Structure formats: C-alpha cells, structure tokens
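**Q** Provided below: start_20.csv, containing CSV, C-alpha atoms and all ligand atoms.
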```
chain,number,residue,atom,x,y,z
T,1,MET,CA,-53.7,1.5,-71.4
T,2,CYS,CA,-54.3,0.6,-67.8
T,3,GLU,CA,-54.2,-3.2,-67.4
T,4,ASP,CA,-54.3,-3.1,-63.6
T,5,CYS,CA,-57.7,-1.8,-62.7
T,6,GLY,CA,-59.5,-2.3,-66.0
T,7,CYS,CA,-60.5,1.3,-66.2
T,8,GLY,CA,-59.6,1.4,-69.8
T,9,ASP,CA,-58.1,4.8,-69.4
T,10,PRO,CA,-55.9,5.5,-72.5
T,11,LYS,CA,-53.9,8.2,-70.8
T,12,LEU,CA,-51.5,6.0,-68.9
T,13,VAL,CA,-48.0,7.4,-69.3
T,14,SER,CA,-44.7,5.8,-68.3
T,15,VAL,CA,-42.2,8.1,-66.6
T,16,GLU,CA,-38.6,7.0,-66.5
T,17,VAL,CA,-36.8,8.0,-63.3
T,18,HIS,CA,-33.7,5.9,-62.7
T,19,SER,CA,-32.7,7.4,-59.4
T,20,SER,CA,-31.1,5.7,-56.4
T,21,LEU,CA,-33.3,5.6,-53.3
T,22,LEU,CA,-30.2,6.7,-51.4
T,23,ALA,CA,-29.8,9.8,-53.5
T,24,ALA,CA,-30.9,12.2,-50.8
T,25,ASN,CA,-28.6,10.6,-48.2
T,26,ASP,CA,-25.7,10.6,-50.7
T,27,HIS,CA,-26.3,14.3,-51.4
T,28,GLU,CA,-26.2,15.1,-47.7
T,29,ALA,CA,-23.1,12.9,-47.3
T,30,ALA,CA,-21.3,14.8,-50.0
T,31,HIS,CA,-22.0,18.0,-48.0
T,32,LEU,CA,-20.4,16.4,-44.9
T,33,ARG,CA,-17.5,15.1,-46.9
T,34,ALA,CA,-16.8,18.6,-48.3
T,35,HIS,CA,-16.7,20.0,-44.8
T,36,PHE,CA,-14.4,17.2,-43.5
T,37,LEU,CA,-12.0,17.6,-46.4
T,38,GLY,CA,-12.2,21.4,-46.1
T,39,ASP,CA,-11.2,21.1,-42.4
T,40,GLY,CA,-8.6,18.4,-43.1
T,41,VAL,CA,-10.5,16.0,-40.8
T,42,THR,CA,-10.2,12.3,-41.5
T,43,ALA,CA,-13.6,10.8,-40.8
T,44,ILE,CA,-13.9,7.1,-40.2
T,45,ASN,CA,-17.2,5.2,-40.2
T,46,LEU,CA,-16.8,2.3,-37.7
T,47,MET,CA,-19.3,-0.5,-38.2
T,48,GLY,CA,-19.7,-4.0,-36.7
T,49,SER,CA,-21.9,-6.2,-34.6
T,50,PRO,CA,-23.0,-5.2,-31.1
T,51,GLY,CA,-20.1,-6.1,-28.8
T,52,SER,CA,-17.5,-6.6,-31.6
T,53,GLY,CA,-15.3,-4.1,-29.8
T,54,LYS,CA,-15.8,-0.8,-31.6
T,55,THR,CA,-15.8,1.4,-28.5
T,56,ALA,CA,-12.9,-0.6,-27.0
T,57,LEU,CA,-10.9,0.0,-30.2
T,58,LEU,CA,-11.5,3.8,-29.9
T,59,GLU,CA,-10.6,3.7,-26.2
T,60,ALA,CA,-7.3,2.0,-27.1
T,61,THR,CA,-6.7,4.5,-29.9
T,62,ALA,CA,-7.2,7.4,-27.5
T,63,ARG,CA,-4.7,5.8,-25.0
T,64,ALA,CA,-2.1,5.3,-27.8
T,65,TRP,CA,-2.5,8.8,-29.3
T,66,ALA,CA,-3.0,10.9,-26.2
T,67,GLY,CA,-1.4,14.3,-26.9
T,68,LYS,CA,-0.4,13.3,-30.4
T,69,PHE,CA,-3.6,13.7,-32.5
T,70,LYS,CA,-6.9,15.4,-31.8
T,71,LEU,CA,-9.8,13.0,-31.8
T,72,ALA,CA,-13.5,13.5,-31.8
T,73,ALA,CA,-16.4,11.0,-32.0
T,74,VAL,CA,-20.1,10.4,-32.2
T,75,SER,CA,-21.6,7.2,-31.2
T,76,GLY,CA,-24.9,5.8,-32.6
T,77,ASP,CA,-27.0,3.8,-30.2
T,78,LEU,CA,-30.7,2.8,-30.2
T,79,ALA,CA,-31.3,4.1,-26.7
T,80,THR,CA,-28.3,5.0,-24.5
T,81,ALA,CA,-25.4,7.3,-24.4
T,82,HIS,CA,-23.1,4.8,-22.7
T,83,ASP,CA,-20.6,4.6,-25.5
T,84,ALA,CA,-20.2,8.3,-25.9
T,85,GLU,CA,-19.7,8.5,-22.1
T,86,ARG,CA,-17.0,5.8,-22.3
T,87,LEU,CA,-15.3,7.7,-25.1
T,88,GLU,CA,-15.5,11.0,-23.2
T,89,ARG,CA,-13.8,9.2,-20.2
T,90,ALA,CA,-11.1,8.0,-22.6
T,91,GLY,CA,-10.5,11.6,-23.5
T,92,ILE,CA,-12.3,11.8,-26.8
T,93,PRO,CA,-14.8,14.7,-27.1
T,94,SER,CA,-18.0,12.8,-28.0
T,95,ALA,CA,-21.7,13.0,-28.5
T,96,ALA,CA,-24.3,10.3,-28.5
T,97,ILE,CA,-26.8,9.9,-31.4
T,98,THR,CA,-29.8,8.0,-30.2
T,99,THR,CA,-31.5,6.6,-33.2
T,100,GLY,CA,-34.7,5.2,-31.6
T,101,THR,CA,-36.0,2.6,-33.9
T,102,ALA,CA,-33.5,3.2,-36.7
T,103,CYS,CA,-30.8,0.5,-36.8
T,104,HIS,CA,-28.2,2.7,-38.6
T,105,LEU,CA,-26.9,6.2,-38.8
T,106,ASP,CA,-27.6,8.3,-41.9
T,107,ALA,CA,-25.9,11.5,-43.1
T,108,THR,CA,-28.6,13.8,-41.7
T,109,MET,CA,-28.3,12.3,-38.2
T,110,VAL,CA,-24.5,12.9,-38.3
T,111,ASP,CA,-25.0,16.4,-39.7
T,112,ARG,CA,-27.4,17.3,-36.8
T,113,ALA,CA,-25.0,16.0,-34.2
T,114,ILE,CA,-22.1,18.1,-35.3
T,115,HIS,CA,-23.7,21.2,-36.8
T,116,GLY,CA,-23.4,24.1,-34.3
T,117,THR,CA,-22.8,21.8,-31.3
T,118,ALA,CA,-19.9,21.4,-28.9
T,119,VAL,CA,-18.8,18.2,-30.4
T,120,GLY,CA,-19.1,19.8,-33.8
T,121,GLU,CA,-16.4,22.3,-32.7
T,122,ALA,CA,-14.2,19.4,-31.6
T,123,VAL,CA,-14.7,17.7,-35.0
T,124,HIS,CA,-13.9,20.9,-36.8
T,125,ALA,CA,-10.5,21.0,-35.1
T,126,ALA,CA,-9.8,17.3,-35.0
T,127,ASP,CA,-7.3,15.1,-36.9
T,128,PHE,CA,-9.7,12.2,-36.7
T,129,PHE,CA,-13.4,12.0,-36.4
T,130,PHE,CA,-14.8,8.6,-35.5
T,131,ILE,CA,-18.4,7.7,-36.2
T,132,GLU,CA,-19.2,4.7,-34.2
T,133,ASN,CA,-22.2,3.3,-36.0
T,134,VAL,CA,-25.1,1.4,-34.5
T,135,GLY,CA,-24.1,-2.2,-33.8
T,136,ASN,CA,-25.5,-4.1,-36.8
T,137,LEU,CA,-24.0,-5.9,-39.7
T,138,VAL,CA,-26.8,-5.1,-42.1
T,139,CYS,CA,-28.4,-1.7,-42.1
T,140,PRO,CA,-25.4,0.8,-41.6
T,141,ALA,CA,-23.6,-0.6,-44.7
T,142,ILE,CA,-25.5,1.3,-47.3
T,143,TYR,CA,-25.5,4.8,-45.8
T,144,ASP,CA,-22.7,7.1,-46.8
T,145,LEU,CA,-21.8,9.4,-43.9
T,146,GLY,CA,-19.2,11.5,-45.7
T,147,GLN,CA,-16.4,9.3,-44.3
T,148,ALA,CA,-12.9,9.0,-45.8
T,149,ALA,CA,-13.0,5.3,-45.0
T,150,ASN,CA,-15.3,2.5,-43.8
T,151,VAL,CA,-13.9,0.2,-41.1
T,152,VAL,CA,-15.6,-3.0,-40.1
T,153,VAL,CA,-14.8,-4.4,-36.7
T,154,LEU,CA,-15.2,-8.2,-36.4
T,155,SER,CA,-14.3,-10.1,-33.3
T,156,VAL,CA,-12.8,-13.5,-33.3
T,157,THR,CA,-15.8,-15.0,-31.5
T,158,GLU,CA,-18.3,-14.1,-34.2
T,159,GLY,CA,-17.6,-16.9,-36.6
T,160,GLU,CA,-15.4,-17.1,-39.7
T,161,ASP,CA,-18.4,-17.1,-42.1
T,162,LYS,CA,-19.7,-13.7,-41.1
T,163,PRO,CA,-18.2,-12.0,-44.2
T,164,LEU,CA,-20.1,-14.5,-46.4
T,165,LYS,CA,-23.3,-14.0,-44.5
T,166,TYR,CA,-23.1,-10.2,-44.6
T,167,PRO,CA,-21.4,-9.4,-48.0
T,168,VAL,CA,-23.0,-6.0,-48.3
T,169,MET,CA,-21.3,-4.8,-45.1
T,170,PHE,CA,-17.9,-6.3,-46.0
T,171,LYS,CA,-18.0,-5.2,-49.6
T,172,ALA,CA,-18.2,-1.6,-48.3
T,173,ALA,CA,-15.2,-2.0,-46.0
T,174,ASP,CA,-11.9,-0.4,-46.7
T,175,LEU,CA,-10.4,-2.2,-43.7
T,176,VAL,CA,-11.5,-5.0,-41.4
T,177,VAL,CA,-10.2,-4.9,-37.8
T,178,LEU,CA,-10.2,-8.4,-36.3
T,179,THR,CA,-10.6,-7.8,-32.5
T,180,LYS,CA,-10.1,-9.8,-29.3
T,181,VAL,CA,-7.2,-11.9,-30.8
T,182,ASP,CA,-6.0,-12.3,-27.2
T,183,LEU,CA,-8.9,-14.8,-26.9
T,184,LEU,CA,-7.6,-17.0,-29.7
T,185,PRO,CA,-5.8,-19.4,-27.4
T,186,HIS,CA,-9.1,-20.2,-25.7
T,187,LEU,CA,-11.0,-20.6,-29.0
T,188,ARG,CA,-9.8,-23.8,-30.5
T,189,GLY,CA,-11.1,-24.2,-34.0
T,190,VAL,CA,-11.2,-20.5,-34.9
T,191,SER,CA,-9.2,-20.2,-38.1
T,192,ILE,CA,-7.7,-16.8,-39.2
T,193,ALA,CA,-7.1,-18.3,-42.7
T,194,ALA,CA,-10.8,-19.1,-43.0
T,195,ILE,CA,-11.7,-15.5,-42.1
T,196,GLU,CA,-9.2,-14.3,-44.7
T,197,ASP,CA,-10.6,-16.6,-47.3
T,198,ALA,CA,-14.1,-15.4,-46.6
T,199,LEU,CA,-13.0,-11.8,-46.9
T,200,ALA,CA,-11.4,-12.4,-50.2
T,201,ARG,CA,-14.7,-13.5,-51.6
T,202,VAL,CA,-16.6,-10.4,-50.6
T,203,MET,CA,-14.1,-7.6,-50.4
T,204,PRO,CA,-12.4,-6.5,-53.7
T,205,LYS,CA,-9.3,-5.3,-51.8
T,206,PRO,CA,-9.2,-7.3,-48.6
T,207,VAL,CA,-7.1,-5.7,-45.8
T,208,MET,CA,-7.3,-7.1,-42.2
T,209,ILE,CA,-5.5,-5.9,-39.1
T,210,GLN,CA,-5.5,-8.0,-35.9
T,211,VAL,CA,-5.8,-6.3,-32.5
T,212,ALA,CA,-6.5,-6.9,-28.9
T,213,SER,CA,-7.7,-3.5,-27.9
T,214,THR,CA,-8.2,-4.2,-24.2
T,215,GLU,CA,-4.6,-5.5,-24.0
T,216,ASP,CA,-3.2,-2.6,-26.2
T,217,GLN,CA,-1.9,-5.3,-28.6
T,218,GLY,CA,-1.5,-5.0,-32.3
T,219,LEU,CA,-2.4,-1.3,-32.4
T,220,ASP,CA,0.7,-0.2,-34.4
T,221,ALA,CA,-0.7,-1.5,-37.7
T,222,TRP,CA,-4.1,0.1,-37.0
T,223,LEU,CA,-2.5,3.4,-36.1
T,224,ALA,CA,-0.3,3.3,-39.1
T,225,TRP,CA,-3.3,2.6,-41.3
T,226,LEU,CA,-5.1,5.6,-39.8
T,227,SER,CA,-2.1,7.8,-40.3
T,228,ALA,CA,-1.9,6.8,-44.0
T,229,ARG,CA,-5.6,7.7,-44.4
T,230,ARG,CA,-4.9,11.1,-42.8
T,231,ASP,CA,-2.1,11.7,-45.2
T,232,VAL,CA,-4.4,11.1,-48.1
T,233,VAL,CA,-7.1,13.4,-46.7
T,234,ARG,CA,-4.6,16.2,-46.0
T,235,ALA,CA,-3.2,15.9,-49.5
T,236,ALA,CA,-6.6,16.4,-51.1
T,237,PRO,CA,-7.3,19.8,-52.5
T,238,ARG,CA,-9.2,22.0,-50.0
T,239,LEU,CA,-12.4,23.6,-51.2
T,240,GLY,CA,-12.7,27.3,-50.9
T,241,ALA,CA,-15.6,29.0,-49.1
T,242,HIS,CA,-18.9,27.7,-50.5
T,243,GLU,CA,-17.6,25.9,-53.5
T,244,HIS,CA,-19.8,23.0,-52.4
T,245,VAL,CA,-23.5,22.4,-52.5
T,246,HIS,CA,-25.7,22.9,-49.5
T,247,VAL,CA,-28.7,20.6,-49.0
T,248,ARG,CA,-32.2,21.3,-47.7
T,249,GLY,CA,-32.1,24.9,-49.0
T,250,HIS,CA,-29.4,25.3,-46.4
T,251,ALA,CA,-28.0,28.8,-47.3
T,252,HIS,CA,-26.1,29.3,-44.0
T,253,PRO,CA,-28.2,31.9,-42.2
T,254,HIS,CA,-26.4,30.7,-39.1
T,255,PRO,CA,-22.7,31.2,-38.7
T,256,HIS,CA,-20.3,28.3,-39.0
T,257,PRO,CA,-16.9,28.6,-40.4
T,258,HIS,CA,-16.0,27.4,-43.9
T,259,ARG,CA,-12.3,27.4,-44.4
N,1,MET,CA,-34.9,-2.4,-40.5
N,2,HIS,CA,-33.8,0.5,-42.8
N,3,GLU,CA,-36.5,-0.3,-45.4
N,4,ALA,CA,-38.9,2.1,-43.8
N,5,SER,CA,-36.5,5.0,-44.3
N,6,LEU,CA,-35.9,3.9,-47.9
N,7,VAL,CA,-39.6,3.8,-48.6
N,8,THR,CA,-39.9,7.4,-47.2
N,9,ALA,CA,-37.2,8.4,-49.7
N,10,LEU,CA,-39.1,6.6,-52.4
N,11,PHE,CA,-42.3,8.6,-51.7
N,12,ASP,CA,-40.3,11.8,-51.9
N,13,GLN,CA,-38.8,10.9,-55.2
N,14,VAL,CA,-42.2,9.9,-56.6
N,15,ASP,CA,-43.6,13.3,-55.6
N,16,ARG,CA,-40.7,15.1,-57.3
N,17,SER,CA,-41.1,12.9,-60.4
N,18,ILE,CA,-44.8,13.7,-60.8
N,19,ALA,CA,-44.5,17.4,-60.2
N,20,PRO,CA,-44.4,18.1,-64.0
N,21,HIS,CA,-47.7,16.2,-64.4
N,22,PRO,CA,-50.3,18.1,-62.4
N,23,GLY,CA,-53.3,16.0,-61.3
N,24,ALA,CA,-51.5,12.7,-62.2
N,25,ILE,CA,-52.4,9.6,-60.3
N,26,VAL,CA,-49.7,7.0,-59.7
N,27,HIS,CA,-50.7,3.5,-60.8
N,28,ARG,CA,-47.5,1.6,-60.5
N,29,VAL,CA,-44.1,2.1,-59.1
N,30,PHE,CA,-41.1,0.0,-60.5
N,31,VAL,CA,-38.2,-0.5,-58.1
N,32,ARG,CA,-35.1,-2.4,-59.0
N,33,VAL,CA,-33.3,-4.1,-56.0
N,34,GLY,CA,-29.8,-5.3,-56.4
N,35,GLU,CA,-28.7,-8.5,-54.8
N,36,LEU,CA,-26.0,-6.6,-52.9
N,37,ALA,CA,-28.0,-3.4,-52.3
N,38,GLY,CA,-28.5,-4.4,-48.7
N,39,VAL,CA,-32.3,-4.3,-49.1
N,40,GLU,CA,-34.7,-7.2,-48.4
N,41,PRO,CA,-37.3,-7.0,-51.2
N,42,GLU,CA,-40.0,-8.4,-48.9
N,43,LEU,CA,-39.3,-6.0,-46.1
N,44,LEU,CA,-39.3,-3.1,-48.7
N,45,ARG,CA,-42.7,-4.3,-49.9
N,46,LEU,CA,-44.0,-4.6,-46.4
N,47,ALA,CA,-42.8,-1.1,-45.5
N,48,TYR,CA,-44.3,0.3,-48.7
N,49,ASP,CA,-47.7,-1.2,-47.9
N,50,THR,CA,-47.6,-0.1,-44.3
N,51,LEU,CA,-46.5,3.5,-45.0
N,52,ARG,CA,-48.2,4.4,-48.3
N,53,GLU,CA,-51.5,5.6,-46.8
N,54,GLY,CA,-51.9,9.3,-47.2
N,55,ARG,CA,-49.0,9.6,-49.7
N,56,THR,CA,-49.2,10.0,-53.4
N,57,CYS,CA,-48.5,6.3,-53.7
N,58,ALA,CA,-51.6,5.3,-51.7
N,59,GLY,CA,-53.3,3.6,-54.6
N,60,ALA,CA,-50.2,2.4,-56.5
N,61,ALA,CA,-48.9,-1.1,-56.6
N,62,ILE,CA,-45.1,-1.6,-56.2
N,63,GLU,CA,-43.4,-3.9,-58.7
N,64,LEU,CA,-40.0,-5.2,-57.4
N,65,VAL,CA,-37.4,-6.3,-59.9
N,66,SER,CA,-34.4,-8.2,-58.5
N,67,GLU,CA,-31.1,-7.6,-60.1
N,68,PRO,CA,-28.4,-10.3,-59.6
N,69,ALA,CA,-24.9,-9.2,-58.5
N,70,GLU,CA,-22.3,-9.2,-61.3
N,71,TRP,CA,-18.6,-8.8,-60.6
N,72,GLN,CA,-16.0,-8.4,-63.2
N,73,CYS,CA,-12.3,-7.6,-63.5
N,74,ARG,CA,-11.6,-3.9,-63.3
N,75,ALA,CA,-8.7,-4.2,-65.7
N,76,CYS,CA,-9.8,-6.8,-68.3
N,77,ALA,CA,-13.6,-7.1,-67.7
N,78,LEU,CA,-13.5,-10.9,-67.2
N,79,PRO,CA,-16.6,-11.9,-65.3
N,80,ILE,CA,-15.9,-13.2,-61.8
N,81,PRO,CA,-18.6,-15.7,-60.6
N,82,ARG,CA,-20.2,-14.8,-57.3
N,83,GLY,CA,-18.7,-16.7,-54.4
N,84,GLU,CA,-15.3,-16.8,-56.0
N,85,VAL,CA,-12.2,-14.9,-54.7
N,86,LEU,CA,-12.6,-11.4,-56.0
N,87,ARG,CA,-9.4,-11.3,-58.0
N,88,CYS,CA,-9.1,-11.8,-61.7
N,89,PRO,CA,-7.9,-15.4,-62.5
N,90,ARG,CA,-6.5,-14.1,-65.8
N,91,CYS,CA,-4.7,-10.8,-64.9
N,92,GLU,CA,-4.8,-10.6,-61.1
N,93,GLY,CA,-6.9,-7.4,-61.5
N,94,GLU,CA,-9.2,-6.3,-58.7
N,95,ALA,CA,-12.9,-7.1,-59.0
N,96,ARG,CA,-15.6,-4.4,-59.5
N,97,LEU,CA,-19.3,-4.8,-58.9
N,98,VAL,CA,-20.9,-3.7,-62.2
N,99,ARG,CA,-24.5,-4.6,-61.3
N,100,GLY,CA,-26.7,-5.4,-58.4
N,101,GLY,CA,-25.2,-3.0,-55.8
N,102,GLU,CA,-28.0,-0.4,-55.7
N,103,VAL,CA,-31.7,0.1,-55.2
N,104,PHE,CA,-33.4,2.3,-57.8
N,105,LEU,CA,-36.7,3.9,-58.5
N,106,ASP,CA,-36.8,2.9,-62.2
N,107,ARG,CA,-40.1,4.0,-63.6
N,108,LEU,CA,-43.6,5.2,-62.8
N,109,GLU,CA,-46.9,4.5,-64.5
N,110,LEU,CA,-49.1,7.5,-64.2
N,111,GLU,CA,-52.7,8.2,-65.2
N,112,VAL,CA,-52.8,11.8,-66.4
N,113,PRO,CA,-56.1,13.7,-66.5
N,114,ASP,CA,-57.8,14.9,-69.7
N,115,VAL,CA,-56.6,18.2,-70.8
A,1,LIG,N1,-10.6,-9.9,-24.4
A,1,LIG,C1,-10.9,-8.8,-25.1
A,1,LIG,N2,-12.1,-8.2,-24.9
A,1,LIG,C2,-12.5,-7.2,-25.7
A,1,LIG,C3,-11.6,-6.6,-26.7
A,1,LIG,N3,-12.2,-5.6,-27.2
A,1,LIG,C4,-13.4,-5.5,-26.6
A,1,LIG,N4,-13.6,-6.4,-25.7
A,1,LIG,C5,-14.7,-6.6,-24.8
A,1,LIG,O1,-15.9,-6.9,-25.5
A,1,LIG,C6,-17.0,-6.2,-25.0
A,1,LIG,C7,-17.7,-5.4,-26.0
A,1,LIG,O2,-16.8,-4.3,-26.4
A,1,LIG,P1,-17.3,-2.9,-26.9
A,1,LIG,O3,-16.2,-2.1,-27.2
A,1,LIG,O4,-18.3,-2.3,-26.0
A,1,LIG,O5,-18.1,-3.4,-28.2
A,1,LIG,P2,-19.0,-2.5,-29.2
A,1,LIG,O6,-20.4,-2.8,-28.9
A,1,LIG,O7,-18.7,-3.0,-30.6
A,1,LIG,O8,-18.7,-1.0,-29.0
A,1,LIG,C8,-16.5,-5.4,-23.8
A,1,LIG,O9,-16.7,-6.2,-22.6
A,1,LIG,C9,-15.0,-5.3,-24.0
A,1,LIG,O10,-14.3,-5.2,-22.9
A,1,LIG,C10,-10.3,-7.3,-26.9
A,1,LIG,O11,-9.5,-6.9,-27.7
A,1,LIG,N5,-10.1,-8.4,-26.1
A,2,MG,MG,-19.9,0.5,-28.7
A,3,ZN,ZN,-8.5,-9.3,-65.5
```
Please rewrite the model in this file as structure tokens.
**A**
Amino acid sequence: MCEDCGCGDPKLVSVEVHSSLLAANDHEAAHLRAHFLGDGVTAINLMGSPGSGKTALLEATARAWAGKFKLAAVSGDLATAHDAERLERAGIPSAAITTGTACHLDATMVDRAIHGTAVGEAVHAADFFFIENVGNLVCPAIYDLGQAANVVVLSVTEGEDKPLKYPVMFKAADLVVLTKVDLLPHLRGVSIAAIEDALARVMPKPVMIQVASTEDQGLDAWLAWLSARRDVVRAAPRLGAHEHVHVRGHAHPHPHPHR
Amino acid sequence: MHEASLVTALFDQVDRSIAPHPGAIVHRVFVRVGELAGVEPELLRLAYDTLREGRTCAGAAIELVSEPAEWQCRACALPIPRGEVLRCPRCEGEARLVRGGEVFLDRLELEVPDV
C-alpha cells in the first residue's frame, strides 16, 4: 500500500536489488585487469592531492629505469595535458585524459585512452603502466581501474592527519609514498611517527616508503616495491584468447591483439 | 564530486531492475551508503534531485540509509573499534572492513499497473 502519495494503490511491490552503484565500473575494470594480466603489464593507480609529487615520482622512476624496463602512462587532469607532456619528456610514452568536470578517472576513461591508440600500443608492450589519477584525495579512491596496486602519494607538507581525514583513500592504498622528504629539515614539527600512526588507523596493512623524487633520493625502496609487484603479476596465470568477459556488448569487431 | 556519476549509474540500475515489470512506476528508491564508501549522502541526494528529471526515477523519492563502518580481525573476528590501530589486539591479525565500505541500491518500491 502506498503511504507516500496517499493514492491508496494496493499494487505497490517491493523489489530487492542489492547491487553496488559501482558495479558497471567494476565490470569494466575487470576487463582492463584481464588485459593487463594477459599482457603481463603491471598497472599502478597513482593517487594523491594536487602537487603531492605524483608526476615528479614518475619522472624520477623514468630516470632510474631508463633502458631497464618499458614504461607507459596516462595522466588524468581536469583541463590540461601538462603532466602527460612532462612524462613524455621524461621518456615515458604517455597520453592525457582530460576529465572536464569529473574529479576522478573511471575504468571507461582509461579504456578509451588505451584502446586502439598509440599509447595503448605502448601499454600493451610495457612492463609498467602508470595511471596518474586526478589530484584529489576523495573521489578517485572508489573507482577500480584494473590496477595491480593502488599507490597514494603524500607529501611531507600536507599534514600528518591527512590519512585520518581521508580514510577512504588510504584504506584503498597498497602503498603510501611519502614525498619531498628532502624538505624535512625546513619543516620543524612534522613528525614521521605521527604519519605512521595515522596510517596504522586507516590502512589494514600499512606500508610507507620515503622519497625525494626531485633529488633522486630514496628511490631504491620504491623501485624494489614495484619490481616485487611485477613479479606477482608475471606469476599470475595468463588468460587465453577471449576467456574474459567483454563489456558494452564489445565483441571485438575491431582488431586488437589478445594474447 | 563523483556523486553525479554514481547517480547516473543508479538510474541505469533502476531501469534494468524494473525491466521485468512493464509499465511500473518507481515510488521509492532505497540506497545504503557505507561510512567508508567515499560517498557524501547529502551530495548524493542533491545529485539525485538535480538529475532525475526525464529519468524513470523522476517521481521517486530517494531514501538514504547510512551504514556505519565495522572492522574486525581477519583471523579471529574480534571487532576493532574505529579510530584504533587496525591490528588485532588479541592475535595481531590484520583488520578487515566487514561493513560500511560500499554504496548499494538496496530496494525499489514500484507501483505496477492492473493486469
Ligand atoms: N623538494 C621537492 N620538491 C618536489 C618533490 N617532488 C615533487 N616536488 C615539487 O612539487 C611540485 C608538484 O609536483 P608534481 O609532481 O607536479 O605533483 P603532482 O600534482 O602530484 O603531479 C613541483 O614543483 C615539484 O618539483 C620532492 O621530492 N622534493
Ligand atoms: Mg601531476
Ligand atoms: Zn584476532
């Protein structure tokens, strides 16, 4: 019986649904993940505030690994392609994803950026594919992009309580990279122990690595962490052709390789 | 604000859910929002009210139910209060979020036409 509008209609039925509002994104992300695993590509979703040092970390990674591993990247930005251009200059084949009003990347945006595009070819052949998310500590956290791991970049100037203020973001993190540690001598009062304590209250498995990207300091631990992730990805069983689901009635009328 | 894109996903799910009920009119939409789902209930409501025109939900009220976050030990199921270090004080096990991490379309109330 309808209590809302007083229409007295007896034919009001209740339909149970119980589905996540992120189901469509998760489905698309599963498709991306199947491609990444099939290609042996380690995909990393890099999140953090604007200016936390995401692009600088990737530039440092490119300097350290030039000629050793093949890298590719996409960079999400509300309006510009600056970060993708910086990454290209650093030697990482990259494309910009301009999101307009959206404050996050979703799986469909990543799929469009790498499906049948030049950077898509680079991703296909890469060891590591970095997805630099839109600078934001809230919105990107809930969108699965098919990544093998989530990395949150936090700079020493942002305040020790940021993990407590943005628990959803840090809960999703597999690793926190604390950047700009070269500035610590100038920041009296910033306590690494306080950051670690905050992380332990929001991250079930807190792992933090400290770097100074622009000074090429502390990168060894970061590179070792990435290499370990790559080992896990490459040990995962590869799917054969079309053993995975395609979304949006996507039956591959266009050619792209499935290994 | 990602609430707008979530509301669009919500409308699509409502359309799919009422497909087996031709001619149905949606009266109420029940959405459960976890404390750690990364969704601001008031922003979700605002996005819903702004975007529902012209959709199946145009005349439907949204009912938001908040779900508190609940952590417990992965190994021994001991509850771990929010704000505490996420490690089991009894067995050192890792914490697991058992509730409050997602945003769900729970249920719809439909008016179905006379047959
Ligand atoms: N001192 C110092 N500055 C850094 C470091 N990493 C990044 N920066 C600077 O911080 C600013 C923002 O960095 P950027 O990589 O663009 O941040 P993003 O918005 O997260 O991609 C730039 O001026 C960088 O040069 C670092 O390790 N040490
Ligand atoms: Mg950047
Ligand atoms: Zn325990």
**Q** Please check the contacts: residues of chain N at most 10 Å away from chain T, using only C-alpha atoms, listed as a PyMOL selection string.
**A** chain N and resi 1-14+17-18+24-32+35-39+60-61+71+73-74+82-87+93-97+101-114
**Q** Can you tell me which residues sit at most 7 Å away from ligand LIG 1 (chain A), counting only C-alpha atoms and all ligand atoms, written as a PDB file with C-alpha atoms, in the coordinates of the input?
**A**
```
ATOM      1  CA  GLY T  48     -19.700  -4.000 -36.700  1.00  0.00           C
ATOM      2  CA  SER T  49     -21.900  -6.200 -34.600  1.00  0.00           C
ATOM      3  CA  PRO T  50     -23.000  -5.200 -31.100  1.00  0.00           C
ATOM      4  CA  GLY T  51     -20.100  -6.100 -28.800  1.00  0.00           C
ATOM      5  CA  SER T  52     -17.500  -6.600 -31.600  1.00  0.00           C
ATOM      6  CA  GLY T  53     -15.300  -4.100 -29.800  1.00  0.00           C
ATOM      7  CA  LYS T  54     -15.800  -0.800 -31.600  1.00  0.00           C
ATOM      8  CA  THR T  55     -15.800   1.400 -28.500  1.00  0.00           C
ATOM      9  CA  ALA T  56     -12.900  -0.600 -27.000  1.00  0.00           C
ATOM     10  CA  LEU T  57     -10.900   0.000 -30.200  1.00  0.00           C
ATOM     11  CA  ASP T  83     -20.600   4.600 -25.500  1.00  0.00           C
ATOM     12  CA  GLY T 135     -24.100  -2.200 -33.800  1.00  0.00           C
ATOM     13  CA  THR T 179     -10.600  -7.800 -32.500  1.00  0.00           C
ATOM     14  CA  LYS T 180     -10.100  -9.800 -29.300  1.00  0.00           C
ATOM     15  CA  VAL T 181      -7.200 -11.900 -30.800  1.00  0.00           C
ATOM     16  CA  ASP T 182      -6.000 -12.300 -27.200  1.00  0.00           C
ATOM     17  CA  LEU T 183      -8.900 -14.800 -26.900  1.00  0.00           C
ATOM     18  CA  VAL T 211      -5.800  -6.300 -32.500  1.00  0.00           C
ATOM     19  CA  ALA T 212      -6.500  -6.900 -28.900  1.00  0.00           C
ATOM     20  CA  SER T 213      -7.700  -3.500 -27.900  1.00  0.00           C
ATOM     21  CA  THR T 214      -8.200  -4.200 -24.200  1.00  0.00           C
ATOM     22  CA  GLU T 215      -4.600  -5.500 -24.000  1.00  0.00           C
TER      23      GLU T 215
END
```
**Q** Which residues form the shell of 6 Å around ligand ZN 3 (chain A) when you count all atoms listed in the file, given as a VMD selection string?
**A** chain N and resid 73 75 to 78 88 90 to 93
**Q** Taking C-alpha atoms for each residue, export the selection above as a PDB file, keeping the file's coordinate frame.
**A**
```
ATOM      1  CA  CYS N  73     -12.300  -7.600 -63.500  1.00  0.00           C
ATOM      2  CA  ALA N  75      -8.700  -4.200 -65.700  1.00  0.00           C
ATOM      3  CA  CYS N  76      -9.800  -6.800 -68.300  1.00  0.00           C
ATOM      4  CA  ALA N  77     -13.600  -7.100 -67.700  1.00  0.00           C
ATOM      5  CA  LEU N  78     -13.500 -10.900 -67.200  1.00  0.00           C
ATOM      6  CA  CYS N  88      -9.100 -11.800 -61.700  1.00  0.00           C
ATOM      7  CA  ARG N  90      -6.500 -14.100 -65.800  1.00  0.00           C
ATOM      8  CA  CYS N  91      -4.700 -10.800 -64.900  1.00  0.00           C
ATOM      9  CA  GLU N  92      -4.800 -10.600 -61.100  1.00  0.00           C
ATOM     10  CA  GLY N  93      -6.900  -7.400 -61.500  1.00  0.00           C
TER      11      GLY N  93
END
```
**Q** Quick check, in Å to one decimal: how far apart do CA of Glu158 in chain T and CA of Ser75 in chain T lie?
**A**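 Computed distance, CA of Glu158 in chain T to CA of Ser75 in chain T, equals 21.8 Å.
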**Q** I want to know what sits within 9 Å of Glu85 in chain T, based on only C-alpha atoms, with residues of the same chain fewer than 3 positions away left out; could you give that as a PyMOL selection string?
**A** chain T and resi 81-82+88-90+94-96
**Q** Compare T:Ile192, T:Ile131, T:Leu219, T:Ala224 by their minimum atom-to-atom distance to ligand MG 2 (chain A), counting all atoms listed in the file, and give me the closest one.
**A**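 Closest residue, counting all atoms listed in the file: T:Ile131.
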**Q** How many Å separate CA of Ala79 in chain T from atom MG of ligand MG 2 (chain A)?
**A**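 Computing the Euclidean distance for CA of Ala79 in chain T and atom MG of ligand MG 2 (chain A) yields 12.1 Å.
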**Q** Enter the distance from CA of Asp174 in chain T to CA of Leu154 in chain T, in Å, rounded to one decimal.
**A**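 Computing the Euclidean distance for CA of Asp174 in chain T and CA of Leu154 in chain T yields 13.3 Å.
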